[in-house]
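*Asks:* Mind looking over this structure? Questions follow.
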Amino acid sequence: MDTEALLQYLQLNPEQYRKLQNLDANYEQQMDELFASEQDRKSMWKAMRALVRDKESQIRACLNEEQQQRYSALRQQQQLQRKQSGDRHH
């Protein structure tokens with residue numbers, strides 16, 4: 001989910017929104033650098049998963065308790081949808 005959608009869903013205040021925009025830009029740049037690297041596929045995916053976990057942690061640090069609960073519920077819903085979508089393709 002992009003920052004604009006999170007703004008609405010989590011009712012972010014302007015400071016939280018700015019922080020999440022900066023996080024997105026930073027991690028997008030890191031992902032681009034990772035994909036441009038000459039790492040083997042396995043190493044690249046491992047590094048990418050670490051980046052995603054780090055980003056999730058930093059997003060949660062910007063949120064209050066209620067927003068964290070809503071964000072967790074959203075993430076669980078997204079994971080379930082991905083799993084269901086993946087199950088249909090196999």
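Chain labels follow the order of the structure tokens: the first chain is A, the next B, and so on; residue numbering restarts at 1 in every chain, and ligands are counted from 1 in their shown order.
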Just the residues within 12 Å of Gln21 (chain A), please, counting only C-alpha atoms, with nothing from its chain fewer than 2 positions along; format it as a ChimeraX atom specification.
*Replies:* /A:2-7,12,14-19,23-28,55,58-59,62
*Asks:* Skip Leu74 (chain A) itself and residues of its chain fewer than 5 positions away, then list as a ChimeraX atom specification all residues within 12 Å of it, counting only C-alpha atoms.
*Replies:* /A:1,5-6,9-10,67-69,79-81
*Asks:* Only N, CA and C atoms, please: the residues just picked out, written as a PDB file, in the first residue's frame.
*Replies:*
ATOM      1  N   MET A   1       0.853  -1.172   0.000  1.00  0.00           N
ATOM      2  CA  MET A   1       0.000   0.000   0.000  1.00  0.00           C
ATOM      3  C   MET A   1       0.900   1.237   0.000  1.00  0.00           C
ATOM      4  N   ALA A   5      -2.427   6.002   0.270  1.00  0.00           N
ATOM      5  CA  ALA A   5      -3.490   5.137   0.789  1.00  0.00           C
ATOM      6  C   ALA A   5      -3.373   4.995   2.305  1.00  0.00           C
ATOM      7  N   LEU A   6      -2.140   4.882   2.811  1.00  0.00           N
ATOM      8  CA  LEU A   6      -1.943   4.802   4.258  1.00  0.00           C
ATOM      9  C   LEU A   6      -2.394   6.082   4.951  1.00  0.00           C
ATOM     10  N   TYR A   9      -6.126   5.523   5.266  1.00  0.00           N
ATOM     11  CA  TYR A   9      -6.480   4.347   6.061  1.00  0.00           C
ATOM     12  C   TYR A   9      -6.102   4.501   7.531  1.00  0.00           C
ATOM     13  N   LEU A  10      -4.917   5.060   7.786  1.00  0.00           N
ATOM     14  CA  LEU A  10      -4.429   5.183   9.164  1.00  0.00           C
ATOM     15  C   LEU A  10      -4.659   6.570   9.749  1.00  0.00           C
ATOM     16  N   GLN A  67      -2.956   3.081  15.374  1.00  0.00           N
ATOM     17  CA  GLN A  67      -2.536   2.973  13.975  1.00  0.00           C
ATOM     18  C   GLN A  67      -1.733   1.691  13.756  1.00  0.00           C
ATOM     19  N   GLN A  68      -0.903   1.307  14.716  1.00  0.00           N
ATOM     20  CA  GLN A  68      -0.130   0.069  14.595  1.00  0.00           C
ATOM     21  C   GLN A  68      -1.065  -1.136  14.502  1.00  0.00           C
ATOM     22  N   GLN A  69      -2.119  -1.144  15.303  1.00  0.00           N
ATOM     23  CA  GLN A  69      -3.083  -2.244  15.256  1.00  0.00           C
ATOM     24  C   GLN A  69      -3.781  -2.300  13.907  1.00  0.00           C
ATOM     25  N   GLN A  79      -1.433 -10.265   3.287  1.00  0.00           N
ATOM     26  CA  GLN A  79      -0.738 -11.558   3.217  1.00  0.00           C
ATOM     27  C   GLN A  79      -1.717 -12.673   2.874  1.00  0.00           C
ATOM     28  N   LEU A  80      -2.897 -12.641   3.470  1.00  0.00           N
ATOM     29  CA  LEU A  80      -3.914 -13.645   3.176  1.00  0.00           C
ATOM     30  C   LEU A  80      -4.336 -13.571   1.712  1.00  0.00           C
ATOM     31  N   GLN A  81      -4.533 -12.355   1.209  1.00  0.00           N
ATOM     32  CA  GLN A  81      -4.912 -12.188  -0.198  1.00  0.00           C
ATOM     33  C   GLN A  81      -3.824 -12.714  -1.124  1.00  0.00           C
TER      34      GLN A  81
END
*Asks:* Would you mind telling me which residue in A:Ser72, A:Asn64, A:Ser37, A:Gln30 lies nearest to Ala50 (chain A) when using only C-alpha atoms?
*Replies:*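 The answer is A:Gln30, which sits nearest to Ala50 (chain A).
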